[in-house]
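The structure file coords-v1.pdb is reproduced below (PDB, C-alpha atoms and all ligand atoms).
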MODEL        1
ATOM      1  CA  MET A  19     -11.151 -10.728   3.961  1.00  0.00           C
ATOM      2  CA  GLY A  20     -11.401  -7.164   4.997  1.00  0.00           C
ATOM      3  CA  GLY A  21      -8.244  -6.036   3.312  1.00  0.00           C
ATOM      4  CA  LEU A  22      -5.163  -4.637   4.882  1.00  0.00           C
ATOM      5  CA  ARG A  23      -5.247  -1.338   6.689  1.00  0.00           C
ATOM      6  CA  SER A  24      -2.455   1.067   7.208  1.00  0.00           C
ATOM      7  CA  CYS A  25      -0.471   0.840  10.406  1.00  0.00           C
ATOM      8  CA  ALA A  26      -1.711   4.203  11.444  1.00  0.00           C
ATOM      9  CA  ALA A  27      -5.222   2.798  11.363  1.00  0.00           C
ATOM     10  CA  ASP A  28      -4.810  -0.319  13.458  1.00  0.00           C
ATOM     11  CA  GLY A  29      -1.174  -1.287  13.862  1.00  0.00           C
ATOM     12  CA  GLN A  30      -1.850  -4.963  13.127  1.00  0.00           C
ATOM     13  CA  TRP A  31       0.418  -5.798  10.318  1.00  0.00           C
ATOM     14  CA  SER A  32       3.613  -7.633  11.008  1.00  0.00           C
ATOM     15  CA  VAL A  33       2.487 -11.152  11.948  1.00  0.00           C
ATOM     16  CA  ALA A  34       0.278 -12.056   9.006  1.00  0.00           C
ATOM     17  CA  SER A  35       2.447 -10.427   6.399  1.00  0.00           C
ATOM     18  CA  GLY A  36       5.779 -11.529   7.777  1.00  0.00           C
ATOM     19  CA  ARG A  37       7.051  -7.989   7.614  1.00  0.00           C
ATOM     20  CA  GLU A  38       8.928  -6.236  10.323  1.00  0.00           C
ATOM     21  CA  GLY A  39       7.256  -3.138  11.575  1.00  0.00           C
ATOM     22  CA  CYS A  40       4.655  -1.195   9.766  1.00  0.00           C
ATOM     23  CA  ALA A  41       5.962   0.164   6.514  1.00  0.00           C
ATOM     24  CA  PRO A  42       4.944   0.048   3.788  1.00  0.00           C
ATOM     25  CA  ALA A  43       1.375   0.013   4.963  1.00  0.00           C
ATOM     26  CA  GLN A  44      -0.407  -0.959   1.787  1.00  0.00           C
ATOM     27  CA  PRO A  45       0.073  -3.660  -0.795  1.00  0.00           C
ATOM     28  CA  MET A  46       1.675  -2.145  -3.866  1.00  0.00           C
ATOM     29  CA  VAL A  47       0.797  -3.210  -7.390  1.00  0.00           C
ATOM     30  CA  SER A  48       2.970  -2.219 -10.316  1.00  0.00           C
ATOM     31  CA  VAL A  49       1.011  -2.299 -13.567  1.00  0.00           C
ATOM     32  CA  GLN A  50       3.367  -2.949 -16.474  1.00  0.00           C
ATOM     33  CA  TRP A  51       2.324  -2.289 -20.051  1.00  0.00           C
ATOM     34  CA  SER A  52       3.792  -3.691 -23.171  1.00  0.00           C
ATOM     35  CA  VAL A  53       4.004  -0.527 -25.264  1.00  0.00           C
ATOM     36  CA  GLY A  54       5.606  -0.138 -28.663  1.00  0.00           C
ATOM     37  CA  SER A  55       9.198  -1.272 -28.620  1.00  0.00           C
ATOM     38  CA  VAL A  56       9.128  -1.611 -24.834  1.00  0.00           C
ATOM     39  CA  ASN A  57       7.835  -5.147 -24.878  1.00  0.00           C
ATOM     40  CA  ILE A  58       7.506  -7.418 -21.900  1.00  0.00           C
ATOM     41  CA  PHE A  59       9.622 -10.563 -21.888  1.00  0.00           C
ATOM     42  CA  ILE A  60       9.496 -12.702 -18.784  1.00  0.00           C
ATOM     43  CA  ASP A  61      10.106 -16.408 -18.360  1.00  0.00           C
ATOM     44  CA  ASN A  62       9.856 -17.059 -22.100  1.00  0.00           C
ATOM     45  CA  ILE A  63       6.592 -15.157 -22.252  1.00  0.00           C
ATOM     46  CA  THR A  64       6.330 -12.382 -24.798  1.00  0.00           C
ATOM     47  CA  VAL A  65       3.501  -9.891 -24.454  1.00  0.00           C
ATOM     48  CA  ASP A  66       2.376  -8.002 -27.546  1.00  0.00           C
ATOM     49  CA  ASP A  67       2.181  -4.231 -27.698  1.00  0.00           C
ATOM     50  CA  SER A  68      -0.856  -3.253 -25.655  1.00  0.00           C
ATOM     51  CA  GLY A  69      -1.430  -0.148 -27.734  1.00  0.00           C
ATOM     52  CA  PHE A  70      -2.137   2.030 -24.707  1.00  0.00           C
ATOM     53  CA  ASP A  71      -0.565   5.468 -24.647  1.00  0.00           C
ATOM     54  CA  SER A  72       0.672   7.295 -21.571  1.00  0.00           C
ATOM     55  CA  THR A  73      -2.588   9.224 -21.241  1.00  0.00           C
ATOM     56  CA  ALA A  74      -4.657   6.041 -21.084  1.00  0.00           C
ATOM     57  CA  ILE A  75      -2.195   4.396 -18.718  1.00  0.00           C
ATOM     58  CA  SER A  76      -2.285   7.367 -16.347  1.00  0.00           C
ATOM     59  CA  TYR A  77      -6.068   7.391 -16.469  1.00  0.00           C
ATOM     60  CA  ILE A  78      -6.358   3.676 -15.670  1.00  0.00           C
ATOM     61  CA  VAL A  79      -3.808   3.799 -12.836  1.00  0.00           C
ATOM     62  CA  ALA A  80      -5.619   6.788 -11.322  1.00  0.00           C
ATOM     63  CA  ALA A  81      -8.958   4.977 -11.615  1.00  0.00           C
ATOM     64  CA  LEU A  82      -7.524   1.932  -9.837  1.00  0.00           C
ATOM     65  CA  ASN A  83      -6.105   4.034  -7.028  1.00  0.00           C
ATOM     66  CA  ALA A  84      -9.490   5.718  -6.617  1.00  0.00           C
ATOM     67  CA  GLN A  85     -11.349   2.418  -6.640  1.00  0.00           C
ATOM     68  CA  PHE A  86      -9.145   0.776  -4.001  1.00  0.00           C
ATOM     69  CA  ASP A  87      -8.922   3.927  -1.901  1.00  0.00           C
ATOM     70  CA  ASP A  88      -6.090   3.470   0.611  1.00  0.00           C
ATOM     71  CA  ASP A  89      -6.099  -0.335   0.539  1.00  0.00           C
ATOM     72  CA  VAL A  90      -3.780  -0.828  -2.424  1.00  0.00           C
ATOM     73  CA  VAL A  91      -1.296   1.508  -4.088  1.00  0.00           C
ATOM     74  CA  PHE A  92      -1.072   1.223  -7.875  1.00  0.00           C
ATOM     75  CA  THR A  93       1.816   2.538  -9.926  1.00  0.00           C
ATOM     76  CA  ALA A  94       2.987   2.240 -13.504  1.00  0.00           C
ATOM     77  CA  GLU A  95       6.568   2.556 -12.316  1.00  0.00           C
ATOM     78  CA  LEU A  96       8.941  -0.092 -11.087  1.00  0.00           C
ATOM     79  CA  SER A  97      10.429   0.511  -7.684  1.00  0.00           C
ATOM     80  CA  GLU A  98      13.853  -0.712  -6.701  1.00  0.00           C
ATOM     81  CA  THR A  99      13.167  -0.656  -3.004  1.00  0.00           C
ATOM     82  CA  ASP A 100       9.603  -1.692  -2.298  1.00  0.00           C
ATOM     83  CA  GLU A 101       8.109  -5.127  -2.714  1.00  0.00           C
ATOM     84  CA  TYR A 102       5.210  -5.185  -5.087  1.00  0.00           C
ATOM     85  CA  SER A 103       2.927  -7.416  -7.043  1.00  0.00           C
ATOM     86  CA  THR A 104       3.087  -6.978 -10.797  1.00  0.00           C
ATOM     87  CA  ILE A 105       0.251  -7.104 -13.290  1.00  0.00           C
ATOM     88  CA  TYR A 106       1.315  -7.316 -16.936  1.00  0.00           C
ATOM     89  CA  ILE A 107      -0.985  -5.811 -19.554  1.00  0.00           C
ATOM     90  CA  GLY A 108      -1.045  -7.045 -23.129  1.00  0.00           C
ATOM     91  CA  ILE A 109      -1.945 -10.051 -25.205  1.00  0.00           C
ATOM     92  CA  THR A 110       0.212 -13.152 -25.239  1.00  0.00           C
ATOM     93  CA  SER A 111      -0.287 -16.616 -26.663  1.00  0.00           C
ATOM     94  CA  ALA A 112       1.695 -18.178 -23.817  1.00  0.00           C
ATOM     95  CA  PHE A 113      -1.368 -19.389 -21.934  1.00  0.00           C
ATOM     96  CA  ASP A 114      -3.567 -20.437 -24.856  1.00  0.00           C
ATOM     97  CA  ALA A 115      -3.365 -24.078 -23.844  1.00  0.00           C
ATOM     98  CA  TYR A 116      -5.191 -23.328 -20.602  1.00  0.00           C
ATOM     99  CA  GLY A 117      -8.262 -21.824 -22.212  1.00  0.00           C
ATOM    100  CA  ASP A 118      -9.670 -18.476 -23.035  1.00  0.00           C
ATOM    101  CA  PHE A 119      -9.706 -15.838 -20.328  1.00  0.00           C
ATOM    102  CA  LEU A 120      -9.190 -12.141 -19.807  1.00  0.00           C
ATOM    103  CA  GLY A 121      -6.824 -12.372 -16.898  1.00  0.00           C
ATOM    104  CA  LEU A 122      -4.768 -14.832 -14.923  1.00  0.00           C
ATOM    105  CA  ALA A 123      -3.414 -14.479 -11.404  1.00  0.00           C
ATOM    106  CA  GLU A 124      -0.468 -16.463 -10.122  1.00  0.00           C
ATOM    107  CA  THR A 125      -1.855 -16.657  -6.597  1.00  0.00           C
ATOM    108  CA  ILE A 126      -5.044 -16.565  -4.564  1.00  0.00           C
ATOM    109  CA  ASP A 127      -3.320 -14.618  -1.860  1.00  0.00           C
ATOM    110  CA  SER A 128      -5.460 -13.927   1.157  1.00  0.00           C
ATOM    111  CA  GLY A 129      -3.893 -11.199   3.244  1.00  0.00           C
ATOM    112  CA  ASN A 130      -1.236 -10.443   0.637  1.00  0.00           C
ATOM    113  CA  GLN A 131       1.250 -12.797   2.265  1.00  0.00           C
ATOM    114  CA  ILE A 132       3.199 -12.989  -0.996  1.00  0.00           C
ATOM    115  CA  HIS A 133       4.330  -9.490  -1.828  1.00  0.00           C
ATOM    116  CA  ASP A 134       5.796 -10.107  -5.257  1.00  0.00           C
ATOM    117  CA  ASP A 135       3.231 -12.290  -7.005  1.00  0.00           C
ATOM    118  CA  ASN A 136       2.161 -11.658 -10.586  1.00  0.00           C
ATOM    119  CA  ALA A 137      -0.879 -11.545 -12.811  1.00  0.00           C
ATOM    120  CA  PHE A 138      -1.609 -10.992 -16.466  1.00  0.00           C
ATOM    121  CA  VAL A 139      -4.400  -9.097 -18.149  1.00  0.00           C
ATOM    122  CA  PHE A 140      -4.780 -10.228 -21.751  1.00  0.00           C
ATOM    123  CA  LEU A 141      -6.278  -7.075 -23.195  1.00  0.00           C
ATOM    124  CA  ASN A 142      -5.136  -4.227 -25.377  1.00  0.00           C
ATOM    125  CA  SER A 143      -6.363  -0.841 -26.478  1.00  0.00           C
ATOM    126  CA  THR A 144      -9.002  -2.311 -28.782  1.00  0.00           C
ATOM    127  CA  VAL A 145     -11.248  -2.594 -25.718  1.00  0.00           C
ATOM    128  CA  SER A 146     -12.487   0.141 -23.403  1.00  0.00           C
ATOM    129  CA  VAL A 147     -10.359   1.512 -20.592  1.00  0.00           C
ATOM    130  CA  GLU A 148     -13.261   0.616 -18.299  1.00  0.00           C
ATOM    131  CA  LEU A 149     -12.958  -3.069 -19.164  1.00  0.00           C
ATOM    132  CA  VAL A 150      -9.188  -3.044 -18.721  1.00  0.00           C
ATOM    133  CA  THR A 151      -9.556  -1.263 -15.389  1.00  0.00           C
ATOM    134  CA  SER A 152     -12.116  -3.761 -14.146  1.00  0.00           C
ATOM    135  CA  VAL A 153     -10.027  -6.802 -15.120  1.00  0.00           C
ATOM    136  CA  ILE A 154      -6.930  -5.328 -13.459  1.00  0.00           C
ATOM    137  CA  ALA A 155      -9.022  -4.694 -10.349  1.00  0.00           C
ATOM    138  CA  HIS A 156     -10.265  -8.289 -10.447  1.00  0.00           C
ATOM    139  CA  GLU A 157      -6.755  -9.733 -10.679  1.00  0.00           C
ATOM    140  CA  THR A 158      -5.670  -7.415  -7.875  1.00  0.00           C
ATOM    141  CA  GLU A 159      -8.370  -8.939  -5.680  1.00  0.00           C
ATOM    142  CA  HIS A 160      -6.744 -12.338  -6.268  1.00  0.00           C
ATOM    143  CA  LEU A 161      -3.222 -11.089  -5.561  1.00  0.00           C
ATOM    144  CA  VAL A 162      -3.859  -9.077  -2.418  1.00  0.00           C
ATOM    145  CA  ASN A 163      -7.258 -10.096  -1.041  1.00  0.00           C
ATOM    146  CA  GLY A 164      -7.427 -13.786  -1.873  1.00  0.00           C
ATOM    147  CA  LEU A 165     -10.508 -13.570  -4.059  1.00  0.00           C
ATOM    148  CA  GLU A 166     -11.494 -17.118  -4.936  1.00  0.00           C
ATOM    149  CA  HIS A 167     -13.937 -18.200  -7.569  1.00  0.00           C
ATOM    150  CA  ASP A 168     -12.695 -21.110  -9.583  1.00  0.00           C
ATOM    151  CA  VAL A 169      -9.972 -23.667 -10.069  1.00  0.00           C
ATOM    152  CA  ASP A 170      -6.371 -22.469 -10.066  1.00  0.00           C
ATOM    153  CA  GLY A 171      -7.334 -18.857 -10.445  1.00  0.00           C
ATOM    154  CA  LEU A 172      -8.168 -19.318 -14.097  1.00  0.00           C
ATOM    155  CA  GLU A 173     -11.047 -17.353 -15.374  1.00  0.00           C
ATOM    156  CA  LYS A 174     -12.868 -16.133 -18.381  1.00  0.00           C
TER     157      LYS A 174
HETATM  158 ZN    ZN B 201     -10.585 -14.243 -11.237  1.00  0.00          ZN
ENDMDL
END

Can the structure in the file be given as structure tokens, please?
Amino acid sequence: MGGLRSCAADGQWSVASGREGCAPAQPMVSVQWSVGSVNIFIDNITVDDSGFDSTAISYIVAALNAQFDDDVVFTAELSETDEYSTIYIGITSAFDAYGDFLGLAETIDSGNQIHDDNAFVFLNSTVSVELVTSVIAHETEHLVNGLEHDVDGLEK
């Protein structure tokens, strides 16, 4: 999978993605951090405080945007208008029954046909920002480029 290009680059977007027209050109990934009292609660899942401060979060988001160049847009914000995939950062016990892994993606989404799929990265600030960045990047590959490597997207 070569990844999606902007409309300006090749204009071939609407059929595979199901979108009308060209905009937005790139898959968007919102990276959400459980920080302090701003905890993540979704579908009965509680994510512990990730321990990352705004400086670390900005650094990691910038590193992701640099790594994916123009192919994916990362943000730490939530947008009310755009469709985006969401990657939640922080440790939760909700998936313990499935095994021990650093991240978990909801989909193996070749061509980013699902624009609002989710992933988790089960790490906090006790590990390096490089490791967190690389696991987020890995889950992003599942959500927008259909990276496949094992059963059900589970991984260690
Ligand atoms: Zn994986």

#### Entry: Atomic separation - atom CA of A:Asp66 relative to atom CA of A:His133, Å
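That distance, rounded to one decimal, is 25.8 Å.
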
### Message
Env of stretch 102-109 of chain A: 9 Å cut, atoms = all atoms listed in the file, seq-sep filter 6 positions within chain, self excluded. Answer as a ChimeraX atom specification.
### Response
/A:45-53,58,64-69,96,123,132-143,150,154,157-158,161-162

### Task
Would you mind reading off the distance between atom CA of A:His160 and atom CA of A:Ile126, one decimal, in Å?
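Separating atom CA of A:His160 from atom CA of A:Ile126 is a distance of 4.9 Å.
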
### Task
Could you please determine the separation between atom CA of A:Ser128 and atom CA of A:Asn163 in Å, to one decimal place?
4.8 Å

### Task
Counting only C-alpha atoms and all ligand atoms, figure out which residue out of A:Ser152, A:Thr110, A:Thr99, A:Thr144 gets nearest to ligand ZN 201 (chain B).
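Comparing A:Ser152, A:Thr110, A:Thr99, A:Thr144 against ligand ZN 201 (chain B), the winner is A:Ser152.
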
### Task
Name every residue that the PyMOL selection byres (((chain A and resi 85-91) around 6) and not hetatm) selects in this structure, writing the answer as a ChimeraX atom specification with chains first and numbers rising.
/A:44-46,82-84,92

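For the set A:Gly129, A:Phe119, A:Thr93, A:Leu149, the residue with the smallest atom-to-atom gap to ligand ZN 201 (chain B) is A:Phe119, counting all atoms listed in the file.
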
#### Entry: Polymer residues at most 7 Å from A:Ile78, all atoms listed in the file, same-chain spacing of 4 or more positions, as a ChimeraX atom specification
/A:74,82,147,151

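Using all atoms listed in the file, the smallest distance between any of A:Ala94, A:Leu120, A:Gln131, A:Glu166 and A:Val153 comes from A:Leu120.
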
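The smallest atom-to-atom distance between A:Leu122 and any of A:Asp71, A:Asp61, A:Ala80, A:Glu159, using all atoms listed in the file, is found for A:Glu159.
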